[in-house]
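Here is the file coords_32.csv (CSV, C-alpha atoms).
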chain,number,residue,atom,x,y,z
Y,1,MET,CA,-32.3,-15.5,6.3
Y,2,ALA,CA,-32.0,-12.5,8.6
Y,3,GLN,CA,-29.4,-9.9,7.7
Y,4,GLY,CA,-26.6,-9.7,10.3
Y,5,GLY,CA,-25.6,-6.5,12.1
Y,6,LEU,CA,-22.3,-4.6,12.2
Y,7,GLU,CA,-21.4,-6.2,15.5
Y,8,ASP,CA,-21.9,-9.9,14.7
Y,9,THR,CA,-21.0,-10.4,11.0
Y,10,SER,CA,-19.1,-8.8,8.1
Y,11,ILE,CA,-21.5,-6.6,6.1
Y,12,ALA,CA,-21.4,-4.7,2.9
Y,13,MET,CA,-21.0,-0.9,3.3
Y,14,VAL,CA,-19.7,2.3,1.8
Y,15,PRO,CA,-17.0,3.8,4.0
Y,16,ILE,CA,-16.2,7.5,3.4
Y,17,THR,CA,-12.9,8.5,5.1
Y,18,LEU,CA,-11.4,11.9,5.7
Y,19,SER,CA,-7.7,11.6,6.7
Y,20,TYR,CA,-4.5,13.5,7.4
Y,21,ALA,CA,-0.9,12.3,7.0
Y,22,TYR,CA,2.5,13.8,8.0
Y,23,GLN,CA,4.9,12.6,5.3
Y,24,LEU,CA,8.6,12.4,4.7
Y,25,PRO,CA,9.8,12.6,1.1
Y,26,SER,CA,12.4,10.3,-0.4
Y,27,GLY,CA,14.2,9.8,-3.7
Y,28,ASP,CA,14.2,12.8,-6.0
Y,29,LEU,CA,11.4,14.4,-4.1
Y,30,GLY,CA,13.5,14.3,-1.0
Y,31,GLN,CA,16.1,16.4,-2.7
Y,32,GLN,CA,13.5,19.1,-3.3
Y,33,PHE,CA,11.3,19.2,-0.2
Y,34,GLY,CA,11.3,18.5,3.5
Y,35,PRO,CA,8.4,17.0,5.4
Y,36,ASN,CA,4.9,17.9,4.2
Y,37,HIS,CA,1.3,17.6,5.1
Y,38,ASN,CA,-1.3,15.6,3.3
Y,39,VAL,CA,-5.1,15.8,3.5
Y,40,GLY,CA,-7.1,13.0,1.9
Y,41,ILE,CA,-10.5,11.7,1.2
Y,42,SER,CA,-11.5,8.1,0.1
Y,43,VAL,CA,-14.8,6.5,-0.9
Y,44,ALA,CA,-15.0,2.7,-1.2
Y,45,ARG,CA,-17.3,-0.2,-1.6
Y,46,LYS,CA,-16.6,-2.8,1.1
Y,47,PHE,CA,-18.1,-6.2,0.4
Y,48,LYS,CA,-19.2,-8.9,2.8
Y,49,SER,CA,-16.0,-10.8,2.0
Y,50,ASN,CA,-14.1,-7.8,3.5
Y,51,TYR,CA,-12.5,-7.0,0.2
Y,52,SER,CA,-13.0,-3.4,-1.0
Y,53,LEU,CA,-12.6,-1.3,-4.1
Y,54,GLY,CA,-12.6,2.5,-4.1
Y,55,LEU,CA,-11.1,5.8,-5.1
Y,56,GLU,CA,-8.8,8.1,-3.1
Y,57,GLY,CA,-7.5,11.6,-3.5
Y,58,SER,CA,-5.1,13.7,-1.5
Y,59,PHE,CA,-3.8,17.2,-1.4
Y,60,ILE,CA,-0.1,17.7,-0.7
Y,61,PHE,CA,1.1,20.9,0.9
Y,62,GLY,CA,4.1,22.3,2.8
Y,63,ASN,CA,6.5,25.2,3.1
Y,64,ASN,CA,9.7,23.3,3.4
Y,65,VAL,CA,11.4,23.7,0.0
Y,66,THR,CA,15.0,22.6,0.6
Y,67,ASP,CA,16.2,23.0,-3.0
Y,68,GLN,CA,15.9,26.6,-4.0
Y,69,SER,CA,18.5,26.5,-6.7
Y,70,MET,CA,15.8,27.2,-9.4
Y,71,LEU,CA,16.1,30.9,-8.4
Y,72,ARG,CA,19.9,31.2,-8.6
Y,73,ASN,CA,20.0,33.1,-11.8
Y,74,ILE,CA,17.9,35.9,-10.4
Y,75,THR,CA,19.5,36.0,-7.0
Y,76,ALA,CA,22.1,38.6,-6.3
Y,77,SER,CA,25.5,37.8,-4.7
Y,78,ASN,CA,24.2,39.0,-1.3
Y,79,GLY,CA,21.3,36.4,-1.5
Y,80,THR,CA,18.5,38.8,-2.3
Y,81,ILE,CA,16.1,39.0,-5.2
Y,82,VAL,CA,15.1,42.5,-6.2
Y,83,ASN,CA,11.7,43.8,-7.3
Y,84,GLN,CA,11.0,46.1,-10.2
Y,85,ASP,CA,12.0,49.1,-8.1
Y,86,GLY,CA,15.4,47.6,-7.2
Y,87,ASP,CA,14.4,46.8,-3.6
Y,88,PRO,CA,14.8,43.4,-2.0
Y,89,ALA,CA,11.7,41.3,-2.6
Y,90,LYS,CA,10.2,38.8,-0.2
Y,91,ILE,CA,9.9,35.5,-2.0
Y,92,LEU,CA,8.1,32.6,-0.5
Y,93,LEU,CA,8.3,29.0,-1.7
Y,94,TYR,CA,5.8,26.3,-1.0
Y,95,GLU,CA,5.2,22.7,-2.0
Y,96,ARG,CA,1.9,21.9,-3.7
Y,97,GLY,CA,0.6,18.7,-5.2
Y,98,TYR,CA,-2.0,16.0,-5.3
Y,99,THR,CA,-2.5,12.3,-5.9
Y,100,VAL,CA,-5.5,10.4,-7.3
Y,101,MET,CA,-5.7,6.6,-6.9
Y,102,ALA,CA,-7.8,3.6,-7.6
Y,103,VAL,CA,-7.5,1.4,-4.5
Y,104,ALA,CA,-8.2,-2.3,-3.6
Y,105,GLY,CA,-8.2,-3.4,0.0
Y,106,LYS,CA,-8.6,-6.3,2.3
Y,107,LEU,CA,-9.7,-6.2,5.9
Y,108,MET,CA,-8.5,-8.9,8.3
Y,109,PRO,CA,-10.8,-9.0,11.4
Y,110,ILE,CA,-8.3,-10.3,13.8
Y,111,ALA,CA,-8.7,-7.5,16.3
Y,112,GLY,CA,-11.5,-5.0,17.1
Y,113,PRO,CA,-15.1,-5.0,18.4
Y,114,ASN,CA,-16.7,-6.6,15.4
Y,115,PRO,CA,-15.9,-8.4,12.1
Y,116,ASN,CA,-15.8,-5.1,10.3
Y,117,SER,CA,-12.8,-3.9,12.2
Y,118,GLY,CA,-9.2,-5.1,12.1
Y,119,ILE,CA,-6.0,-5.0,10.1
Y,120,LEU,CA,-6.5,-3.1,6.8
Y,121,LEU,CA,-4.3,-3.6,3.8
Y,122,LYS,CA,-4.6,-1.4,0.7
Y,123,LEU,CA,-2.9,-1.2,-2.7
Y,124,GLY,CA,-3.4,1.7,-5.0
Y,125,ALA,CA,-2.4,2.9,-8.5
Y,126,GLY,CA,-2.9,6.3,-10.1
Y,127,TYR,CA,-1.4,9.7,-10.7
Y,128,MET,CA,0.9,12.0,-8.8
Y,129,ARG,CA,1.5,15.7,-9.5
Y,130,HIS,CA,3.6,18.3,-7.6
Y,131,ARG,CA,5.4,21.7,-8.1
Y,132,VAL,CA,7.0,24.6,-6.3
Y,133,LEU,CA,4.5,27.4,-5.7
Y,134,ILE,CA,6.4,30.8,-5.9
Y,135,GLU,CA,4.8,33.8,-4.3
Y,136,SER,CA,6.3,37.3,-4.3
Y,137,GLN,CA,3.7,38.8,-2.0
Y,138,ASN,CA,3.2,42.5,-2.7
Y,139,ASP,CA,6.4,42.8,-4.7
Y,140,VAL,CA,6.5,42.8,-8.5
Y,141,VAL,CA,9.4,40.7,-9.7
Y,142,PRO,CA,9.3,40.7,-13.5
Y,143,ALA,CA,11.2,37.4,-13.9
Y,144,LEU,CA,8.6,35.6,-11.8
Y,145,GLU,CA,5.4,37.2,-13.2
Y,146,GLY,CA,2.8,35.3,-15.3
Y,147,GLU,CA,4.1,32.7,-17.7
Y,148,TYR,CA,7.7,33.3,-16.7
Y,149,GLN,CA,7.1,31.5,-13.4
Y,150,LYS,CA,6.6,28.3,-15.2
Y,151,GLY,CA,10.3,28.2,-16.0
Y,152,TYR,CA,11.1,27.9,-12.3
Y,153,ASP,CA,8.2,25.9,-10.6
Y,154,ARG,CA,9.5,22.3,-11.4
Y,155,LEU,CA,6.0,21.1,-12.2
Y,156,ALA,CA,6.2,17.3,-12.6
Y,157,ALA,CA,3.6,14.4,-12.8
Y,158,GLY,CA,3.3,10.8,-13.6
Y,159,LEU,CA,2.2,7.3,-12.6
Y,160,ALA,CA,2.1,6.4,-8.9
Y,161,GLY,CA,1.5,3.5,-6.6
Y,162,MET,CA,0.4,3.3,-2.9
Y,163,PHE,CA,0.6,0.8,-0.1
Y,164,PHE,CA,-1.1,1.1,3.3
Y,165,VAL,CA,-1.1,-1.1,6.3
Y,166,GLY,CA,-2.9,-0.2,9.5
Y,167,TYR,CA,-5.9,-0.7,11.8
Y,168,GLN,CA,-9.5,0.2,11.0
Y,169,HIS,CA,-12.0,0.5,13.9
Y,170,LEU,CA,-15.8,0.7,13.3
Y,171,GLY,CA,-17.6,1.0,16.6
Y,172,ASN,CA,-20.8,-0.9,17.2
Y,173,ASN,CA,-22.6,2.3,18.1
Y,174,ARG,CA,-21.5,4.0,14.8
Y,175,ARG,CA,-19.8,6.8,16.7
Y,176,ILE,CA,-16.2,5.8,17.1
Y,177,ASN,CA,-14.9,5.1,13.6
Y,178,PHE,CA,-11.3,5.7,12.8
Y,179,LEU,CA,-8.2,4.3,11.0
Y,180,VAL,CA,-4.5,4.7,11.6
Y,181,GLY,CA,-1.5,3.2,9.7
Y,182,PHE,CA,1.6,3.6,7.7
Y,183,GLU,CA,1.4,4.7,4.1
Y,184,LEU,CA,4.0,4.5,1.3
Y,185,ASN,CA,3.5,6.4,-2.0
Y,186,ILE,CA,5.9,6.0,-5.0
Y,187,GLY,CA,5.7,8.2,-8.0
Y,188,PHE,CA,7.5,7.9,-11.4
Y,189,THR,CA,7.2,11.5,-12.6
Y,190,GLU,CA,8.5,13.6,-15.5
Y,191,SER,CA,8.8,17.3,-15.9
Y,192,LEU,CA,5.8,19.0,-17.6
Y,193,ARG,CA,7.8,22.1,-18.5
Y,194,PRO,CA,9.7,22.3,-21.8
Y,195,PHE,CA,12.5,24.3,-20.4
Y,196,ASN,CA,14.0,25.3,-17.0
Y,197,PHE,CA,15.3,28.8,-16.9
Y,198,ASP,CA,18.0,28.2,-14.3
Y,199,SER,CA,19.7,25.3,-16.0
Y,200,ARG,CA,18.9,26.6,-19.5
Y,201,ARG,CA,17.8,23.1,-20.6
Y,202,ALA,CA,14.9,20.7,-20.6
Y,203,ASP,CA,14.5,18.2,-17.8
Y,204,THR,CA,14.0,14.9,-19.7
Y,205,GLY,CA,14.7,12.4,-17.0
Y,206,THR,CA,12.3,10.3,-14.9
Y,207,HIS,CA,12.1,11.1,-11.2
Y,208,PHE,CA,11.6,8.6,-8.4
Y,209,ASP,CA,9.4,10.4,-5.9
Y,210,GLY,CA,8.6,8.8,-2.5
Y,211,LEU,CA,6.2,9.9,0.2
Y,212,ASN,CA,6.1,7.9,3.5
Y,213,GLY,CA,4.2,8.7,6.6
Y,214,LEU,CA,1.6,8.0,9.3
Y,215,ARG,CA,-2.0,8.5,8.3
Y,216,VAL,CA,-4.9,8.9,10.6
Y,217,GLY,CA,-8.6,9.3,9.6
Y,218,TRP,CA,-12.2,9.4,10.6
Y,219,THR,CA,-14.7,7.1,8.8
Y,220,LEU,CA,-18.4,7.5,8.1
Y,221,PRO,CA,-19.7,4.0,7.3
Y,222,ILE,CA,-22.9,4.0,5.3
Y,223,TYR,CA,-24.8,0.7,5.4
Y,224,LYS,CA,-28.3,-0.7,5.8
Y,225,ALA,CA,-29.0,-1.3,9.5
Y,226,ARG,CA,-30.5,-4.6,10.6
Y,227,ASP,CA,-34.3,-4.4,11.1
Y,228,ASN,CA,-34.9,-5.5,14.6
Y,229,ARG,CA,-38.6,-4.9,14.6
Y,230,GLU,CA,-41.0,-7.8,15.5
Y,231,TYR,CA,-44.2,-8.4,13.7
Y,232,TYR,CA,-47.3,-10.2,15.0
Y,233,ARG,CA,-50.2,-11.7,13.2
Please rewrite the model in this file as structure tokens.
Amino acid sequence: MAQGGLEDTSIAMVPITLSYAYQLPSGDLGQQFGPNHNVGISVARKFKSNYSLGLEGSFIFGNNVTDQSMLRNITASNGTIVNQDGDPAKILLYERGYTVMAVAGKLMPIAGPNPNSGILLKLGAGYMRHRVLIESQNDVVPALEGEYQKGYDRLAAGLAGMFFVGYQHLGNNRRINFLVGFELNIGFTESLRPFNFDSRRADTGTHFDGLNGLRVGWTLPIYKARDNREYYR
């Protein structure tokens, strides 16, 4: 039986997707950070049944740190932090993190140019990790140097889940391939630091960390093209 092509039947392939999401944090994460950016990559195996299995990873970054109370013990009454020379230091705070997920998906070809395009649903489970990156630029602030910084950075990690619903488009000419949809991430994280310097105690609770946002991506579908050559005897 001749193998069908992308445009007329569902085929097995390996889609590799690079994506970007603008995310709004919720839960405990929403108390620490404002909106963030997220750059991701995913590799999957899509079967002829339109089910898929794969791996996804993403890098979380932003500069909207809303909770800066971790520095309260080294902040003067006028709101400044001084360097080793007693001058005001410029302290910058950033959000940094990542997720790694194993993902299962289902494509429903109810819209699009071919049976390999349509509504895409994905569920994932894996690992989330995030922290506050503290930079003092050219200033030397003894309380924030080396291992001391770990007492302020709120490093946390734990199990996480993901849900995505959106639209995947794979063009018949292989050139216009994209996805767009809504993504929800939920993490159940715990502090990885034994002691927080500002509170003078350990953080032993479990945090509920949500990240919700719109994800857009470009997909490179790798598959064996149908052989349209004709043979004569």
Handout entry: Answer as an MDAnalysis selection string, residues within 12 Å of (5.8, 23.5, -10.0) using only C-alpha atoms
Key = chainID Y and resid 32 65 70 93:98 129:135 149:157 190:193 196
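Using all atoms listed in the file, the smallest distance between any of Y:Gly158, Y:Gln137, Y:Gly217, Y:Ala102 and Ile176 (chain Y) comes from Y:Gly217.
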Exercise for the section: May I ask for the distance between CA of Gly27 (chain Y) and CA of Ile91 (chain Y), given in Å to one decimal place? Expected result: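 Calculated distance between CA of Gly27 (chain Y) and CA of Ile91 (chain Y) is 26.1 Å.
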Put the listed atoms of region 178-197 of chain Y in a box along x, y and z with 3 Å added on every side and give me the centre and edge lengths in Å to one decimal, as JSON.
{"center_x": 2.0, "center_y": 16.0, "center_z": -4.5, "size_x": 32.6, "size_y": 31.6, "size_z": 40.6}
Exercise for the section: Measuring atom to atom with all atoms listed in the file, identify which of Y:Gln23, Y:Thr206, Y:Asn73, Y:Thr219 is nearest to Leu179 (chain Y). Expected result: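 Among Y:Gln23, Y:Thr206, Y:Asn73, Y:Thr219, it is Y:Thr219 that comes nearest to Leu179 (chain Y).
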Handout entry: Nearest to Phe163 (chain Y) by atom-to-atom distance, counting only C-alpha atoms, from Y:Gly126, Y:Gly86, Y:Gly112, Y:Pro35
Key =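 Among the listed residues, Y:Gly126 lies closest to Phe163 (chain Y).
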